[in-house]
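Engineer: Would you mind keeping the following structure in view while I ask a few things?
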Amino acid sequence: MAVTDALRYRFTVEEFARMGEAGIFAEDDRVELIGGEIREMTPIGPPHAGVVNRLNELIVTRLAGRVNVAVQNPIRLDRHSEPQPDVVVARRRPSSYADRHPEPADVLLVIEVADSSLHYDRAEKVPRYGRAGIPETWLVDLAAGTVTVYTDPGAAGYASEQVLERDDTIAATAVAGLRVPVADVFGA
């Protein structure tokens with residue numbers, strides 16, 4: 001008798017949405033769909049929340065009226081992945097994406113803020129953003145006080161990465177006019 005590997009069922013974005021509509025997830029459940037698997041997201045502590053709030057303010061004040069900025073909202077990468085990045089800068093749409101979640105062609109920049117989720121974000125999420133064609137991703141490492149900027153998306157993820165420290169300034173490649181001192185991301 002041969003032993004075979006069990007096959008996993010991969011949920012689609014549509015099935016995941018129906019589960020939410022059916023009440024399978026509580027309103028405050030922090031879950032996202034990655035590669036067809038429902039993943040529990042790590043809790044957001046005050047340092048994480050503070051950096052997300054600062055990034056939101058820094059970006060909105062610099063780009064008001066030119067882009068849509070979303071905080072911890074879903075983006076649809078493909079049929080089986082709908083992550084919820086910490087910050088998304090997307091092309092401006094009159095609907096502000098009330099009719100659908102942004103898709104890779106809409107997204108200019110994704111930002112993930114990581115403390116306990118650093119390995120997961122770096123190994124799982126960032127490469128998916130690159131394979132989906134999102135032009136740029138920033139990974140904010142709370143423990144190290146650095147921001148890694150990923151550019152040049154392709155089939156293997158991102159071809160370029162640059163680690164920036166507190167004395168550096170991030171100059172977005174896909175969002176004209178967006179320059180952010182790394183020190184401002186972390187605050188005092």
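Residues are referred to by chain and number: the chain letter is A, B, ... according to the order shown in the structure tokens, the number counts from 1 in that chain, and ligands are numbered separately from 1 in the order shown.
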Identify, on the basis of only C-alpha atoms, every residue whose closest approach to range 31-45 of chain A does not exceed 7 Å; exclude the query and any residue fewer than 4 positions from it along the same chain; express the result as a PDB file with all heavy atoms, in the first residue's frame.

Structural biologist:
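The new file part11.pdb reads:
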```pdb
ATOM      1  N   ARG A  10      -6.721  24.977  -1.717  1.00  0.00           N
ATOM      2  CA  ARG A  10      -6.353  26.390  -1.746  1.00  0.00           C
ATOM      3  C   ARG A  10      -7.600  27.226  -1.960  1.00  0.00           C
ATOM      4  O   ARG A  10      -8.254  27.115  -2.986  1.00  0.00           O
ATOM      5  CB  ARG A  10      -5.345  26.642  -2.860  1.00  0.00           C
ATOM      6  CG  ARG A  10      -4.009  25.964  -2.604  1.00  0.00           C
ATOM      7  CD  ARG A  10      -3.036  26.176  -3.744  1.00  0.00           C
ATOM      8  NE  ARG A  10      -2.871  27.597  -4.008  1.00  0.00           N
ATOM      9  CZ  ARG A  10      -2.508  28.101  -5.190  1.00  0.00           C
ATOM     10  NH1 ARG A  10      -2.269  27.312  -6.203  1.00  0.00           N
ATOM     11  NH2 ARG A  10      -2.363  29.398  -5.349  1.00  0.00           N
ATOM     12  N   PHE A  11      -7.924  28.049  -0.973  1.00  0.00           N
ATOM     13  CA  PHE A  11      -9.079  28.935  -1.089  1.00  0.00           C
ATOM     14  C   PHE A  11      -8.805  30.027  -2.107  1.00  0.00           C
ATOM     15  O   PHE A  11      -7.671  30.494  -2.251  1.00  0.00           O
ATOM     16  CB  PHE A  11      -9.401  29.586   0.263  1.00  0.00           C
ATOM     17  CG  PHE A  11      -9.902  28.623   1.290  1.00  0.00           C
ATOM     18  CD1 PHE A  11      -9.074  28.184   2.307  1.00  0.00           C
ATOM     19  CD2 PHE A  11     -11.204  28.141   1.241  1.00  0.00           C
ATOM     20  CE1 PHE A  11      -9.520  27.286   3.259  1.00  0.00           C
ATOM     21  CE2 PHE A  11     -11.662  27.242   2.189  1.00  0.00           C
ATOM     22  CZ  PHE A  11     -10.820  26.808   3.200  1.00  0.00           C
ATOM     23  N   THR A  12      -9.852  30.462  -2.789  1.00  0.00           N
ATOM     24  CA  THR A  12      -9.748  31.607  -3.683  1.00  0.00           C
ATOM     25  C   THR A  12     -10.129  32.860  -2.910  1.00  0.00           C
ATOM     26  O   THR A  12     -10.723  32.789  -1.827  1.00  0.00           O
ATOM     27  CB  THR A  12     -10.685  31.475  -4.895  1.00  0.00           C
ATOM     28  OG1 THR A  12     -12.035  31.522  -4.437  1.00  0.00           O
ATOM     29  CG2 THR A  12     -10.421  30.188  -5.677  1.00  0.00           C
ATOM     30  N   ALA A  49       1.992  50.175  15.661  1.00  0.00           N
ATOM     31  CA  ALA A  49       0.902  51.109  15.346  1.00  0.00           C
ATOM     32  C   ALA A  49       1.432  52.531  15.188  1.00  0.00           C
ATOM     33  O   ALA A  49       1.015  53.266  14.282  1.00  0.00           O
ATOM     34  CB  ALA A  49      -0.169  51.054  16.429  1.00  0.00           C
ATOM     35  N   HIS A  80      -5.476  33.651  -5.446  1.00  0.00           N
ATOM     36  CA  HIS A  80      -5.335  32.976  -4.163  1.00  0.00           C
ATOM     37  C   HIS A  80      -4.661  33.819  -3.076  1.00  0.00           C
ATOM     38  O   HIS A  80      -4.349  33.288  -2.012  1.00  0.00           O
ATOM     39  CB  HIS A  80      -4.544  31.673  -4.340  1.00  0.00           C
ATOM     40  CG  HIS A  80      -5.241  30.668  -5.186  1.00  0.00           C
ATOM     41  ND1 HIS A  80      -6.275  29.887  -4.719  1.00  0.00           N
ATOM     42  CD2 HIS A  80      -5.080  30.332  -6.477  1.00  0.00           C
ATOM     43  CE1 HIS A  80      -6.709  29.099  -5.690  1.00  0.00           C
ATOM     44  NE2 HIS A  80      -5.997  29.352  -6.772  1.00  0.00           N
ATOM     45  N   SER A  81      -4.426  35.092  -3.319  1.00  0.00           N
ATOM     46  CA  SER A  81      -3.742  35.914  -2.314  1.00  0.00           C
ATOM     47  C   SER A  81      -4.373  37.294  -2.196  1.00  0.00           C
ATOM     48  O   SER A  81      -4.499  38.019  -3.187  1.00  0.00           O
ATOM     49  CB  SER A  81      -2.254  36.069  -2.657  1.00  0.00           C
ATOM     50  OG  SER A  81      -1.587  34.829  -2.551  1.00  0.00           O
ATOM     51  N   GLU A  82      -4.733  37.623  -0.959  1.00  0.00           N
ATOM     52  CA  GLU A  82      -5.278  38.936  -0.646  1.00  0.00           C
ATOM     53  C   GLU A  82      -4.713  39.383   0.714  1.00  0.00           C
ATOM     54  O   GLU A  82      -5.388  39.319   1.740  1.00  0.00           O
ATOM     55  CB  GLU A  82      -6.805  38.892  -0.624  1.00  0.00           C
ATOM     56  CG  GLU A  82      -7.438  40.258  -0.624  1.00  0.00           C
ATOM     57  CD  GLU A  82      -8.941  40.195  -0.805  1.00  0.00           C
ATOM     58  OE1 GLU A  82      -9.641  39.911   0.187  1.00  0.00           O
ATOM     59  OE2 GLU A  82      -9.397  40.408  -1.943  1.00  0.00           O
ATOM     60  N   PRO A  83      -3.441  39.807   0.710  1.00  0.00           N
ATOM     61  CA  PRO A  83      -2.823  40.250   1.961  1.00  0.00           C
ATOM     62  C   PRO A  83      -3.366  41.607   2.403  1.00  0.00           C
ATOM     63  O   PRO A  83      -4.048  42.293   1.632  1.00  0.00           O
ATOM     64  CB  PRO A  83      -1.343  40.347   1.601  1.00  0.00           C
ATOM     65  CG  PRO A  83      -1.340  40.641   0.142  1.00  0.00           C
ATOM     66  CD  PRO A  83      -2.531  39.898  -0.416  1.00  0.00           C
ATOM     67  N   GLN A  84      -3.031  41.962   3.632  1.00  0.00           N
ATOM     68  CA  GLN A  84      -3.417  43.257   4.188  1.00  0.00           C
ATOM     69  C   GLN A  84      -2.159  43.993   4.645  1.00  0.00           C
ATOM     70  O   GLN A  84      -1.814  43.960   5.822  1.00  0.00           O
ATOM     71  CB  GLN A  84      -4.379  43.067   5.354  1.00  0.00           C
ATOM     72  CG  GLN A  84      -5.693  42.456   4.943  1.00  0.00           C
ATOM     73  CD  GLN A  84      -6.646  42.297   6.114  1.00  0.00           C
ATOM     74  OE1 GLN A  84      -6.690  43.116   7.010  1.00  0.00           O
ATOM     75  NE2 GLN A  84      -7.414  41.232   6.090  1.00  0.00           N
ATOM     76  N   SER A 117       6.816  39.726  13.048  1.00  0.00           N
ATOM     77  CA  SER A 117       6.464  39.175  11.732  1.00  0.00           C
ATOM     78  C   SER A 117       7.574  39.354  10.699  1.00  0.00           C
ATOM     79  O   SER A 117       7.364  39.087   9.518  1.00  0.00           O
ATOM     80  CB  SER A 117       5.183  39.839  11.220  1.00  0.00           C
ATOM     81  OG  SER A 117       5.411  41.226  10.966  1.00  0.00           O
TER      82      SER A 117
END
```

Engineer: Quick one: of A:Val89, A:Asp115, A:Leu77, A:Asp106, who's nearest to Asn56 in chain A, counting only C-alpha atoms?

Structural biologist: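 Of A:Val89, A:Asp115, A:Leu77, A:Asp106, the one nearest Asn56 in chain A is A:Val89, counting only C-alpha atoms.
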
Engineer: Skipping near chain neighbours, those fewer than 2 positions away, what residues fall within 9 Å of range 139-149 of chain A using only C-alpha atoms, listed as a PyMOL selection string?

Structural biologist: chain A and resi 47-48+51+110-115+118+121-122+126+136-137+151+160-166+170+172+182-183+185-186

Engineer: Skip Thr169 in chain A itself and residues of its chain fewer than 2 positions away, then list as a list in words all residues within 7 Å of it, counting only C-alpha atoms.

Structural biologist: Asp167, Ala171, Arg179, Val180, Pro181 and Val182 of chain A

Engineer: Got a sec to tell me which of range 71-127 of chain A DSSP assigns to helix (DSSP H, G or I), as a ChimeraX atom specification?

Structural biologist: /A:118-127

Engineer: Which residue, A:Pro74, A:Thr173, A:Pro85, A:Leu58, has the smallest gap to Pro102 in chain A when you use only C-alpha atoms?

Structural biologist: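 Among the listed residues, A:Pro74 lies closest to Pro102 in chain A.
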
Engineer: Please report, as a PyMOL selection string, each residue of range 62-139 of chain A to which DSSP assigns strand (DSSP E) when run on this structure's backbone.

Structural biologist: chain A and resi 67-71+87-91+107-114+136-139

Engineer: Distance CA of Asn53 in chain A-CA of Val88 in chain A, one decimal place?

Structural biologist: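 Atom-to-atom, CA of Asn53 in chain A to CA of Val88 in chain A, that is 12.7 Å.
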